[in-house]
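J.: Hey, dropping work_21.cif in here, mmCIF, C-alpha atoms, pLDDT in the B column; chains and numbers go by the auth columns:
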data_input
#
loop_
_atom_site.group_PDB
_atom_site.id
_atom_site.type_symbol
_atom_site.label_atom_id
_atom_site.label_comp_id
_atom_site.label_asym_id
_atom_site.label_seq_id
_atom_site.Cartn_x
_atom_site.Cartn_y
_atom_site.Cartn_z
_atom_site.B_iso_or_equiv
_atom_site.auth_seq_id
_atom_site.auth_asym_id
ATOM 1 C CA MET A 1 -159.094 -114.792 -90.709 98.00 1 A
ATOM 2 C CA ASP A 2 -162.543 -114.016 -89.291 98.00 2 A
ATOM 3 C CA VAL A 3 -163.954 -110.853 -90.912 98.00 3 A
ATOM 4 C CA LEU A 4 -166.660 -109.244 -88.798 98.00 4 A
ATOM 5 C CA PRO A 5 -169.375 -107.000 -90.254 97.00 5 A
ATOM 6 C CA ARG A 6 -168.749 -103.253 -90.195 97.00 6 A
ATOM 7 C CA GLU A 7 -170.729 -101.622 -87.386 95.00 7 A
ATOM 8 C CA TRP A 8 -171.574 -98.003 -86.520 97.00 8 A
ATOM 9 C CA CYS A 9 -171.247 -97.655 -82.737 97.00 9 A
ATOM 10 C CA THR A 10 -170.568 -95.117 -80.005 98.00 10 A
ATOM 11 C CA ALA A 11 -166.959 -94.544 -78.949 98.00 11 A
ATOM 12 C CA VAL A 12 -167.486 -96.501 -75.724 98.00 12 A
ATOM 13 C CA THR A 13 -168.932 -99.475 -77.596 98.00 13 A
ATOM 14 C CA ASN A 14 -166.237 -99.457 -80.275 98.00 14 A
ATOM 15 C CA MET A 15 -163.414 -99.461 -77.743 98.00 15 A
ATOM 16 C CA SER A 16 -165.045 -102.148 -75.583 98.00 16 A
ATOM 17 C CA VAL A 17 -165.831 -104.445 -78.536 98.00 17 A
ATOM 18 C CA ASN A 18 -162.226 -104.129 -79.758 98.00 18 A
ATOM 19 C CA LEU A 19 -160.936 -105.220 -76.365 98.00 19 A
ATOM 20 C CA LEU A 20 -163.442 -108.075 -76.262 98.00 20 A
ATOM 21 C CA LEU A 21 -161.939 -109.234 -79.568 98.00 21 A
ATOM 22 C CA LEU A 22 -158.607 -109.584 -77.805 98.00 22 A
ATOM 23 C CA ASP A 23 -159.595 -110.949 -74.407 98.00 23 A
ATOM 24 C CA HIS A 24 -162.849 -112.887 -74.836 98.00 24 A
ATOM 25 C CA TYR A 25 -163.220 -113.909 -78.483 98.00 25 A
ATOM 26 C CA PRO A 26 -164.981 -117.314 -78.746 97.00 26 A
ATOM 27 C CA HIS A 27 -162.404 -118.631 -81.256 97.00 27 A
ATOM 28 C CA PRO A 28 -159.124 -117.386 -79.754 97.00 28 A
ATOM 29 C CA LYS A 29 -156.835 -119.160 -82.238 97.00 29 A
ATOM 30 C CA ASN A 30 -158.347 -117.286 -85.208 98.00 30 A
ATOM 31 C CA ILE A 31 -157.080 -113.969 -86.544 98.00 31 A
ATOM 32 C CA ARG A 32 -159.960 -111.514 -86.395 98.00 32 A
ATOM 33 C CA PHE A 33 -160.589 -108.332 -88.367 98.00 33 A
ATOM 34 C CA ARG A 34 -163.245 -105.790 -87.408 98.00 34 A
ATOM 35 C CA PRO A 35 -163.948 -102.715 -89.552 98.00 35 A
ATOM 36 C CA PHE A 36 -166.001 -100.187 -87.621 98.00 36 A
ATOM 37 C CA ALA A 37 -167.468 -96.693 -87.822 98.00 37 A
ATOM 38 C CA TRP A 38 -168.682 -94.026 -85.402 98.00 38 A
ATOM 39 C CA SER A 39 -172.306 -93.221 -84.619 97.00 39 A
ATOM 40 C CA GLU A 40 -171.252 -90.010 -82.849 95.00 40 A
ATOM 41 C CA PRO A 41 -168.481 -87.395 -83.143 94.00 41 A
ATOM 42 C CA ALA A 42 -165.637 -88.750 -81.024 97.00 42 A
ATOM 43 C CA TYR A 43 -161.976 -88.587 -80.083 98.00 43 A
ATOM 44 C CA THR A 44 -159.868 -91.362 -78.596 98.00 44 A
ATOM 45 C CA PHE A 45 -156.469 -91.206 -76.913 97.00 45 A
ATOM 46 C CA GLY A 46 -153.737 -93.625 -75.867 96.00 46 A
ATOM 47 C CA VAL A 47 -153.860 -95.673 -72.695 95.00 47 A
ATOM 48 C CA SER A 48 -150.964 -93.869 -70.944 93.00 48 A
ATOM 49 C CA GLN A 49 -151.896 -90.296 -71.867 94.00 49 A
ATOM 50 C CA ASP A 50 -153.236 -87.395 -69.762 93.00 50 A
ATOM 51 C CA TRP A 51 -157.027 -87.034 -70.008 94.00 51 A
ATOM 52 C CA LYS A 52 -157.085 -83.469 -68.639 94.00 52 A
ATOM 53 C CA LYS A 53 -154.758 -82.195 -71.348 94.00 53 A
ATOM 54 C CA TYR A 54 -156.981 -83.585 -74.096 96.00 54 A
ATOM 55 C CA ARG A 55 -160.278 -82.655 -72.449 95.00 55 A
ATOM 56 C CA ALA A 56 -159.100 -79.047 -72.491 95.00 56 A
ATOM 57 C CA VAL A 57 -158.825 -79.036 -76.304 95.00 57 A
ATOM 58 C CA VAL A 58 -161.584 -81.440 -77.380 96.00 58 A
ATOM 59 C CA PRO A 59 -165.019 -79.754 -77.667 95.00 59 A
ATOM 60 C CA PRO A 60 -166.989 -80.556 -74.500 93.00 60 A
ATOM 61 C CA GLN A 61 -169.950 -82.029 -76.379 93.00 61 A
ATOM 62 C CA MET A 62 -167.756 -84.671 -78.014 96.00 62 A
ATOM 63 C CA ALA A 63 -166.891 -88.057 -76.549 96.00 63 A
ATOM 64 C CA LEU A 64 -163.283 -88.459 -75.374 98.00 64 A
ATOM 65 C CA ILE A 65 -162.464 -92.090 -74.620 98.00 65 A
ATOM 66 C CA ARG A 66 -159.199 -93.703 -73.532 97.00 66 A
ATOM 67 C CA ARG A 67 -158.136 -96.600 -75.771 98.00 67 A
ATOM 68 C CA SER A 68 -156.622 -99.809 -74.465 97.00 68 A
ATOM 69 C CA THR A 69 -153.865 -99.311 -77.068 97.00 69 A
ATOM 70 C CA GLY A 70 -151.122 -96.663 -77.111 94.00 70 A
ATOM 71 C CA GLY A 71 -150.586 -93.480 -79.095 92.00 71 A
ATOM 72 C CA GLY A 72 -151.982 -89.989 -78.674 92.00 72 A
ATOM 73 C CA LEU A 73 -155.129 -88.075 -79.566 95.00 73 A
ATOM 74 C CA VAL A 74 -157.069 -89.066 -82.696 96.00 74 A
ATOM 75 C CA SER A 75 -160.174 -87.414 -84.131 95.00 75 A
ATOM 76 C CA HIS A 76 -162.731 -89.809 -85.585 96.00 76 A
ATOM 77 C CA MET A 77 -164.799 -87.282 -87.554 93.00 77 A
ATOM 78 C CA GLU A 78 -163.552 -88.317 -91.005 94.00 78 A
ATOM 79 C CA ASP A 79 -161.699 -91.611 -90.871 96.00 79 A
ATOM 80 C CA TRP A 80 -162.031 -95.296 -91.739 98.00 80 A
ATOM 81 C CA THR A 81 -161.206 -97.431 -88.712 98.00 81 A
ATOM 82 C CA PHE A 82 -160.455 -101.069 -88.053 98.00 82 A
ATOM 83 C CA ALA A 83 -159.256 -103.475 -85.379 98.00 83 A
ATOM 84 C CA ILE A 84 -157.163 -106.609 -85.889 98.00 84 A
ATOM 85 C CA VAL A 85 -156.248 -109.259 -83.359 98.00 85 A
ATOM 86 C CA ILE A 86 -153.281 -111.523 -84.039 97.00 86 A
ATOM 87 C CA PRO A 87 -153.333 -114.602 -81.763 97.00 87 A
ATOM 88 C CA THR A 88 -150.328 -115.866 -79.838 96.00 88 A
ATOM 89 C CA GLU A 89 -149.852 -118.826 -82.203 94.00 89 A
ATOM 90 C CA HIS A 90 -149.172 -116.563 -85.184 95.00 90 A
ATOM 91 C CA PRO A 91 -145.504 -115.864 -86.081 94.00 91 A
ATOM 92 C CA LEU A 92 -146.111 -112.096 -85.928 94.00 92 A
ATOM 93 C CA TYR A 93 -146.933 -112.362 -82.231 94.00 93 A
ATOM 94 C CA LYS A 94 -143.441 -113.681 -81.629 87.00 94 A
ATOM 95 C CA SER A 95 -141.765 -111.256 -84.061 86.00 95 A
ATOM 96 C CA GLY A 96 -142.451 -108.043 -82.179 74.00 96 A
ATOM 97 C CA THR A 97 -144.266 -104.746 -82.458 75.00 97 A
ATOM 98 C CA GLN A 98 -142.691 -103.287 -85.594 85.00 98 A
ATOM 99 C CA GLU A 99 -143.174 -106.420 -87.709 92.00 99 A
ATOM 100 C CA ALA A 100 -146.913 -106.609 -86.998 92.00 100 A
ATOM 101 C CA TYR A 101 -147.314 -102.900 -87.596 91.00 101 A
ATOM 102 C CA GLU A 102 -145.399 -103.030 -90.875 93.00 102 A
ATOM 103 C CA THR A 103 -147.354 -106.044 -92.154 96.00 103 A
ATOM 104 C CA VAL A 104 -150.708 -104.345 -91.621 96.00 104 A
ATOM 105 C CA HIS A 105 -149.583 -101.073 -93.187 96.00 105 A
ATOM 106 C CA GLN A 106 -147.994 -102.814 -96.153 96.00 106 A
ATOM 107 C CA ALA A 107 -151.430 -104.324 -96.831 97.00 107 A
ATOM 108 C CA LEU A 108 -152.996 -100.868 -96.527 97.00 108 A
ATOM 109 C CA LEU A 109 -150.403 -99.468 -98.902 97.00 109 A
ATOM 110 C CA GLU A 110 -151.063 -102.163 -101.500 98.00 110 A
ATOM 111 C CA CYS A 111 -154.805 -101.442 -101.466 98.00 111 A
ATOM 112 C CA LEU A 112 -154.351 -97.688 -101.821 98.00 112 A
ATOM 113 C CA LEU A 113 -151.708 -97.960 -104.542 97.00 113 A
ATOM 114 C CA ALA A 114 -154.099 -100.210 -106.485 98.00 114 A
ATOM 115 C CA GLN A 115 -156.347 -97.136 -106.716 98.00 115 A
ATOM 116 C CA ASN A 116 -153.415 -94.989 -107.918 97.00 116 A
ATOM 117 C CA LEU A 117 -153.379 -92.972 -104.704 97.00 117 A
ATOM 118 C CA LYS A 118 -150.033 -91.263 -104.061 96.00 118 A
ATOM 119 C CA VAL A 119 -149.025 -92.675 -100.681 97.00 119 A
ATOM 120 C CA LYS A 120 -145.917 -94.282 -99.199 96.00 120 A
ATOM 121 C CA LEU A 121 -144.657 -95.908 -96.011 94.00 121 A
ATOM 122 C CA VAL A 122 -142.395 -93.980 -93.648 90.00 122 A
ATOM 123 C CA PRO A 123 -139.098 -95.921 -93.525 82.00 123 A
ATOM 124 C CA LEU A 124 -137.286 -96.934 -90.376 61.00 124 A
ATOM 125 C CA PRO A 125 -134.750 -94.245 -89.357 52.00 125 A
ATOM 126 C CA THR A 126 -131.106 -94.814 -90.252 44.00 126 A
ATOM 127 C CA SER A 127 -129.956 -92.932 -87.142 41.00 127 A
ATOM 128 C CA GLU A 128 -131.325 -92.030 -83.731 48.00 128 A
ATOM 129 C CA ARG A 129 -134.853 -90.698 -84.128 41.00 129 A
ATOM 130 C CA GLU A 130 -135.937 -87.370 -82.663 46.00 130 A
ATOM 131 C CA PHE A 131 -138.496 -87.860 -79.903 39.00 131 A
ATOM 132 C CA LYS A 132 -141.983 -86.521 -80.663 46.00 132 A
ATOM 133 C CA ALA A 133 -144.695 -86.500 -78.015 46.00 133 A
ATOM 134 C CA PRO A 134 -147.852 -88.360 -79.088 48.00 134 A
ATOM 135 C CA ASP A 135 -150.189 -85.451 -78.279 51.00 135 A
ATOM 136 C CA GLN A 136 -151.610 -85.403 -81.794 46.00 136 A
ATOM 137 C CA CYS A 137 -150.473 -88.713 -83.222 47.00 137 A
ATOM 138 C CA GLU A 138 -152.711 -88.303 -86.263 47.00 138 A
ATOM 139 C CA HIS A 139 -150.293 -85.542 -87.393 52.00 139 A
ATOM 140 C CA HIS A 140 -146.961 -87.159 -86.388 58.00 140 A
ATOM 141 C CA ALA A 141 -145.842 -89.871 -88.777 65.00 141 A
ATOM 142 C CA GLU A 142 -143.895 -92.732 -87.209 75.00 142 A
ATOM 143 C CA PRO A 143 -141.970 -95.531 -88.987 82.00 143 A
ATOM 144 C CA HIS A 144 -144.331 -97.675 -91.115 81.00 144 A
ATOM 145 C CA ASP A 145 -147.117 -95.069 -91.001 92.00 145 A
ATOM 146 C CA LEU A 146 -148.612 -94.104 -94.367 95.00 146 A
ATOM 147 C CA VAL A 147 -148.101 -90.549 -95.648 96.00 147 A
ATOM 148 C CA LEU A 148 -148.853 -88.606 -98.811 96.00 148 A
ATOM 149 C CA VAL A 149 -145.979 -88.643 -101.292 96.00 149 A
ATOM 150 C CA GLU A 150 -146.317 -84.947 -102.090 95.00 150 A
ATOM 151 C CA ASP A 151 -146.036 -83.445 -98.610 95.00 151 A
ATOM 152 C CA ASN A 152 -145.652 -86.297 -96.079 94.00 152 A
ATOM 153 C CA ARG A 153 -148.965 -85.595 -94.365 95.00 153 A
ATOM 154 C CA LYS A 154 -150.014 -88.622 -92.336 95.00 154 A
ATOM 155 C CA VAL A 155 -152.672 -90.775 -93.993 96.00 155 A
ATOM 156 C CA ALA A 156 -152.863 -93.809 -91.705 95.00 156 A
ATOM 157 C CA GLY A 157 -151.665 -94.817 -88.268 94.00 157 A
ATOM 158 C CA ALA A 158 -152.267 -97.495 -85.662 95.00 158 A
ATOM 159 C CA ALA A 159 -151.590 -98.449 -82.058 95.00 159 A
ATOM 160 C CA GLN A 160 -151.162 -101.781 -80.320 95.00 160 A
ATOM 161 C CA LYS A 161 -151.883 -103.644 -77.132 96.00 161 A
ATOM 162 C CA ARG A 162 -150.070 -106.902 -76.496 96.00 162 A
ATOM 163 C CA ASN A 163 -150.975 -109.404 -73.782 96.00 163 A
ATOM 164 C CA ARG A 164 -151.120 -113.176 -73.232 96.00 164 A
ATOM 165 C CA ASN A 165 -154.133 -113.408 -75.588 97.00 165 A
ATOM 166 C CA GLY A 166 -152.481 -111.819 -78.622 97.00 166 A
ATOM 167 C CA ILE A 167 -151.919 -108.412 -80.215 97.00 167 A
ATOM 168 C CA LEU A 168 -154.725 -105.910 -80.683 98.00 168 A
ATOM 169 C CA ILE A 169 -154.066 -103.345 -83.431 97.00 169 A
ATOM 170 C CA GLU A 170 -156.427 -100.377 -83.731 98.00 170 A
ATOM 171 C CA GLY A 171 -155.905 -98.410 -86.939 97.00 171 A
ATOM 172 C CA TYR A 172 -157.353 -95.446 -88.791 97.00 172 A
ATOM 173 C CA ILE A 173 -157.132 -94.033 -92.316 97.00 173 A
ATOM 174 C CA SER A 174 -157.871 -90.392 -93.149 96.00 174 A
ATOM 175 C CA ARG A 175 -160.805 -90.061 -95.524 96.00 175 A
ATOM 176 C CA THR A 176 -160.151 -86.324 -95.849 95.00 176 A
ATOM 177 C CA LEU A 177 -156.643 -86.762 -97.228 96.00 177 A
ATOM 178 C CA LEU A 178 -157.724 -89.546 -99.581 96.00 178 A
ATOM 179 C CA ALA A 179 -160.595 -87.797 -101.316 89.00 179 A
ATOM 180 C CA GLY A 180 -160.099 -89.904 -104.454 93.00 180 A
ATOM 181 C CA CYS A 181 -160.437 -93.247 -102.675 97.00 181 A
ATOM 182 C CA ASP A 182 -163.286 -95.596 -103.548 98.00 182 A
ATOM 183 C CA TRP A 183 -164.087 -96.710 -100.006 97.00 183 A
ATOM 184 C CA GLU A 184 -166.434 -99.496 -101.050 97.00 184 A
ATOM 185 C CA ARG A 185 -163.666 -100.995 -103.134 98.00 185 A
ATOM 186 C CA PHE A 186 -161.188 -100.507 -100.304 98.00 186 A
ATOM 187 C CA ALA A 187 -163.528 -102.263 -97.841 98.00 187 A
ATOM 188 C CA GLU A 188 -163.574 -105.287 -100.169 98.00 188 A
ATOM 189 C CA ASP A 189 -159.860 -105.248 -100.995 98.00 189 A
ATOM 190 C CA PHE A 190 -158.314 -104.721 -97.570 98.00 190 A
ATOM 191 C CA PRO A 191 -159.417 -107.990 -95.885 98.00 191 A
ATOM 192 C CA LYS A 192 -158.280 -109.958 -98.944 98.00 192 A
ATOM 193 C CA VAL A 193 -154.842 -108.348 -99.070 98.00 193 A
ATOM 194 C CA LEU A 194 -154.468 -108.518 -95.293 98.00 194 A
ATOM 195 C CA GLY A 195 -155.483 -112.171 -95.221 98.00 195 A
ATOM 196 C CA LYS A 196 -152.864 -112.939 -97.852 97.00 196 A
ATOM 197 C CA ALA A 197 -150.196 -111.066 -95.869 97.00 197 A
ATOM 198 C CA LEU A 198 -151.132 -112.929 -92.681 97.00 198 A
ATOM 199 C CA LYS A 199 -151.461 -116.256 -94.540 96.00 199 A
ATOM 200 C CA SER A 200 -155.041 -116.654 -93.379 97.00 200 A
ATOM 201 C CA GLU A 201 -157.982 -116.819 -95.800 97.00 201 A
ATOM 202 C CA PRO A 202 -160.616 -114.169 -94.933 98.00 202 A
ATOM 203 C CA VAL A 203 -164.035 -115.560 -94.035 98.00 203 A
ATOM 204 C CA ASN A 204 -167.048 -113.301 -93.428 98.00 204 A
ATOM 205 C CA ILE A 205 -168.786 -114.148 -90.162 97.00 205 A
ATOM 206 C CA HIS A 206 -171.574 -112.794 -87.985 96.00 206 A
ATOM 207 C CA SER A 207 -170.762 -110.656 -84.968 94.00 207 A
ATOM 208 C CA PRO A 208 -169.683 -112.934 -82.100 95.00 208 A
ATOM 209 C CA VAL A 209 -171.823 -113.446 -79.028 94.00 209 A
ATOM 210 C CA TYR A 210 -170.005 -112.818 -75.767 96.00 210 A
ATOM 211 C CA ASP A 211 -170.780 -113.805 -72.227 96.00 211 A
ATOM 212 C CA GLN A 212 -173.063 -111.076 -70.895 96.00 212 A
ATOM 213 C CA SER A 213 -170.832 -110.391 -67.904 97.00 213 A
ATOM 214 C CA HIS A 214 -167.798 -109.894 -70.151 97.00 214 A
ATOM 215 C CA TYR A 215 -169.704 -107.546 -72.446 96.00 215 A
ATOM 216 C CA GLU A 216 -171.222 -105.486 -69.641 97.00 216 A
ATOM 217 C CA GLY A 217 -167.948 -105.341 -67.710 97.00 217 A
ATOM 218 C CA CYS A 218 -165.950 -104.175 -70.717 97.00 218 A
ATOM 219 C CA TRP A 219 -168.538 -101.564 -71.699 97.00 219 A
ATOM 220 C CA ALA A 220 -168.704 -100.262 -68.124 97.00 220 A
ATOM 221 C CA LYS A 221 -164.910 -99.949 -68.036 96.00 221 A
ATOM 222 C CA PHE A 222 -164.712 -97.675 -71.085 97.00 222 A
ATOM 223 C CA ASN A 223 -167.733 -95.698 -69.894 97.00 223 A
ATOM 224 C CA SER A 224 -166.224 -95.006 -66.472 96.00 224 A
ATOM 225 C CA CYS A 225 -164.473 -91.896 -65.156 94.00 225 A
ATOM 226 C CA SER A 226 -161.947 -94.126 -63.391 94.00 226 A
ATOM 227 C CA TRP A 227 -160.765 -95.480 -66.752 96.00 227 A
ATOM 228 C CA ASN A 228 -160.972 -92.362 -68.862 96.00 228 A
ATOM 229 C CA GLU A 229 -159.751 -89.680 -66.469 94.00 229 A
ATOM 230 C CA HIS A 230 -156.832 -91.323 -64.637 81.00 230 A
ATOM 231 C CA ARG A 231 -153.446 -92.247 -66.071 59.00 231 A
ATOM 232 C CA ASP A 232 -152.166 -94.895 -63.658 57.00 232 A
ATOM 233 C CA LEU A 233 -154.492 -97.700 -64.604 51.00 233 A
ATOM 234 C CA PRO A 234 -154.068 -101.460 -64.577 49.00 234 A
ATOM 235 C CA GLU A 235 -154.194 -102.785 -68.126 51.00 235 A
#
How does the structure come out when it is put into structure tokens?
T.:
Amino acid sequence: MDVLPREWCTAVTNMSVNLLLLDHYPHPKNIRFRPFAWSEPAYTFGVSQDWKKYRAVVPPQMALIRRSTGGGLVSHMEDWTFAIVIPTEHPLYKSGTQEAYETVHQALLECLLAQNLKVKLVPLPTSEREFKAPDQCEHHAEPHDLVLVEDNRKVAGAAQKRNRNGILIEGYISRTLLAGCDWERFAEDFPKVLGKALKSEPVNIHSPVYDQSHYEGCWAKFNSCSWNEHRDLPE
């Protein structure tokens, strides 16, 4: 598993680099893990959601960028974020959405429990699940999300994009709700535990170099009104 360095970037850059990981990575057969942070206050929202609805509630001075993955609105003021790409050759690509999601969050759970943090995974429902709109997905816990044991507040969530190149998973963990977490320790533990779960030894690498046209095209996409403000978009 290729472990990229943690970078502080704008919302546009973070979303474009995550998609580059999926579509244009120079070693496409490798699992890749990218921890990243935000150089500006920002919100992101799922690929199929309504920009106008979110623009009306997000402060106008803050970036609001459409992700290439699903889900609803997420604030990135106080979170720890990461992207993972699972290539098509990996068994999880063939297993389906829930299996990949559960594997990643089980690794998260193991790291947080190792610090004696009181969190748990939301189980799969035993009956038909009530529909909840993804308007504020950071507050709605879905199966395999992480929540606090004491009151079921959502601690971690993720969204996926699947195509012929693999599965992109973009995830976040609430720093506010995990005030007792040692984040430096977590940053060291998570790739190790995740690599074990994915059966791929983590290896620290430098940031990849992409073809300039791919980089500029991807950045321009996430910076454009046509991508961010319209729902019916080709993926």
J.: Skip range 57-70 of chain A itself and residues of its chain fewer than 5 positions away, then list as a PyMOL selection string all residues within 10 Å of it, counting only C-alpha atoms.
T.: chain A and resi 10-12+14-16+18-19+40-52+75+134+158-162+167-170+222-225+227-231+235
J.: Have a look at A:Ile86, A:Leu21, A:Ile173, A:Ala107 and name the one nearest to Val209 in chain A; count all atoms listed in the file.
T.: A:Leu21
J.: If we count only C-alpha atoms and set the cut-off at 9 Å, which residues sit around Cys181 in chain A, ignoring sequence neighbours fewer than 6 positions away in its own chain? Please answer as a list in words.
T.: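 In the requested format, the answer is Leu112, Gln115, Asn116, Leu117 and Arg175 of chain A.
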J.: I need every residue sitting at most 9 Å from the point (-158.4, -113.0, -92.2) (coordinates as in the file, all atoms listed in the file considered), written as a list in words.
T.: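 Collected hits near the coordinates: Met1, Asp2, Val3, Asn30, Ile31, Arg32, Phe33, Pro191, Lys192, Leu194, Gly195, Lys196, Leu198, Lys199, Ser200, Glu201, Pro202, Val203 and Asn204 of chain A.
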J.: Can I get the selection written as an mmCIF file, in the frame of the given file, with C-alpha atoms?
T.:
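Below you can see selection.cif, which holds the result:
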data_model
loop_
_atom_site.group_PDB
_atom_site.id
_atom_site.type_symbol
_atom_site.label_atom_id
_atom_site.label_comp_id
_atom_site.auth_asym_id
_atom_site.auth_seq_id
_atom_site.Cartn_x
_atom_site.Cartn_y
_atom_site.Cartn_z
ATOM 1 C CA MET A 1 -159.094 -114.792 -90.709
ATOM 2 C CA ASP A 2 -162.543 -114.016 -89.291
ATOM 3 C CA VAL A 3 -163.954 -110.853 -90.912
ATOM 4 C CA ASN A 30 -158.347 -117.286 -85.208
ATOM 5 C CA ILE A 31 -157.080 -113.969 -86.544
ATOM 6 C CA ARG A 32 -159.960 -111.514 -86.395
ATOM 7 C CA PHE A 33 -160.589 -108.332 -88.367
ATOM 8 C CA PRO A 191 -159.417 -107.990 -95.885
ATOM 9 C CA LYS A 192 -158.280 -109.958 -98.944
ATOM 10 C CA LEU A 194 -154.468 -108.518 -95.293
ATOM 11 C CA GLY A 195 -155.483 -112.171 -95.221
ATOM 12 C CA LYS A 196 -152.864 -112.939 -97.852
ATOM 13 C CA LEU A 198 -151.132 -112.929 -92.681
ATOM 14 C CA LYS A 199 -151.461 -116.256 -94.540
ATOM 15 C CA SER A 200 -155.041 -116.654 -93.379
ATOM 16 C CA GLU A 201 -157.982 -116.819 -95.800
ATOM 17 C CA PRO A 202 -160.616 -114.169 -94.933
ATOM 18 C CA VAL A 203 -164.035 -115.560 -94.035
ATOM 19 C CA ASN A 204 -167.048 -113.301 -93.428
#
J.: Write out as a list of chain:residue names the residues lying within 7 Å of Ala37 in chain A, counting all atoms listed in the file and excluding same-chain residues fewer than 3 positions away.
T.: A:Glu7, A:Trp8, A:Cys9, A:Trp80, A:Thr81
J.: Between CA of Glu89 in chain A and CA of Gly166 in chain A, what distance in Å does the model show, to one decimal?
T.: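 Between these atoms lies a distance of 8.3 Å.
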J.: Each side padded by 3 Å, which centre and which edge lengths in Å (one decimal) define the axis-aligned box around the listed atoms of range 2-18 of chain A? Give them as AutoDock Vina command-line options.
T.:
--center_x -166.9 --center_y -104.3 --center_z -83.2 --size_x 15.3 --size_y 25.5 --size_z 21.3
J.: Within 9 Å of (-148.4, -101.8, -95.6) (coordinates as in the file), grab all the protein and nucleic acid residues, counting only C-alpha atoms, and write them out as JSON, numbers by chain.
T.: {"A": [101, 102, 103, 104, 105, 106, 107, 108, 109, 110, 111, 120, 121, 144, 145, 146]}
J.: Pick from A:Thr13, A:Asp182, A:Pro5, A:Ala156: nearest to Gly217 in chain A, with all atoms listed in the file counted?
T.: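 The answer is A:Thr13, which sits nearest to Gly217 in chain A.
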J.: Which value, in Å to one decimal, gives the distance between CA of Asp189 in chain A and CA of Pro35 in chain A?
T.: 12.4 Å
J.: Take CA of Lys118 in chain A and CA of Phe82 in chain A and report the distance between them in Å, one decimal.
T.: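 Separation between CA of Lys118 in chain A and CA of Phe82 in chain A: 21.5 Å.
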J.: Would you mind completing range 156-169 of chain A to N, CA and C atoms and writing the output as a compact mmCIF listing (two decimals), in the coordinates of the input?
T.:
# COMPACT_ATOMS: atom_id res chain seq x y z
N ALA A 156 -152.38 -92.67 -92.51
CA ALA A 156 -152.86 -93.81 -91.70
C ALA A 156 -151.90 -94.09 -90.57
N GLY A 157 -152.46 -94.45 -89.43
CA GLY A 157 -151.66 -94.82 -88.27
C GLY A 157 -152.37 -95.90 -87.46
N ALA A 158 -151.69 -96.43 -86.48
CA ALA A 158 -152.27 -97.50 -85.66
C ALA A 158 -151.55 -97.56 -84.32
N ALA A 159 -152.18 -98.24 -83.38
CA ALA A 159 -151.59 -98.45 -82.06
C ALA A 159 -151.87 -99.88 -81.64
N GLN A 160 -151.08 -100.37 -80.70
CA GLN A 160 -151.16 -101.78 -80.32
C GLN A 160 -151.32 -101.97 -78.81
N LYS A 161 -151.90 -103.11 -78.50
CA LYS A 161 -151.88 -103.64 -77.13
C LYS A 161 -151.51 -105.11 -77.24
N ARG A 162 -150.53 -105.52 -76.48
CA ARG A 162 -150.07 -106.90 -76.50
C ARG A 162 -150.28 -107.50 -75.10
N ASN A 163 -150.88 -108.68 -75.05
CA ASN A 163 -150.98 -109.40 -73.78
C ASN A 163 -150.92 -110.91 -74.06
N ARG A 164 -151.24 -111.71 -73.09
CA ARG A 164 -151.12 -113.18 -73.23
C ARG A 164 -152.16 -113.75 -74.19
N ASN A 165 -153.12 -112.93 -74.64
CA ASN A 165 -154.13 -113.41 -75.59
C ASN A 165 -153.80 -113.08 -77.04
N GLY A 166 -152.83 -112.20 -77.26
CA GLY A 166 -152.48 -111.82 -78.62
C GLY A 166 -152.11 -110.35 -78.72
N ILE A 167 -152.19 -109.82 -79.95
CA ILE A 167 -151.92 -108.41 -80.22
C ILE A 167 -153.19 -107.79 -80.78
N LEU A 168 -153.64 -106.72 -80.15
CA LEU A 168 -154.72 -105.91 -80.68
C LEU A 168 -154.12 -104.70 -81.39
N ILE A 169 -154.48 -104.51 -82.66
CA ILE A 169 -154.07 -103.34 -83.43
C ILE A 169 -155.31 -102.55 -83.78
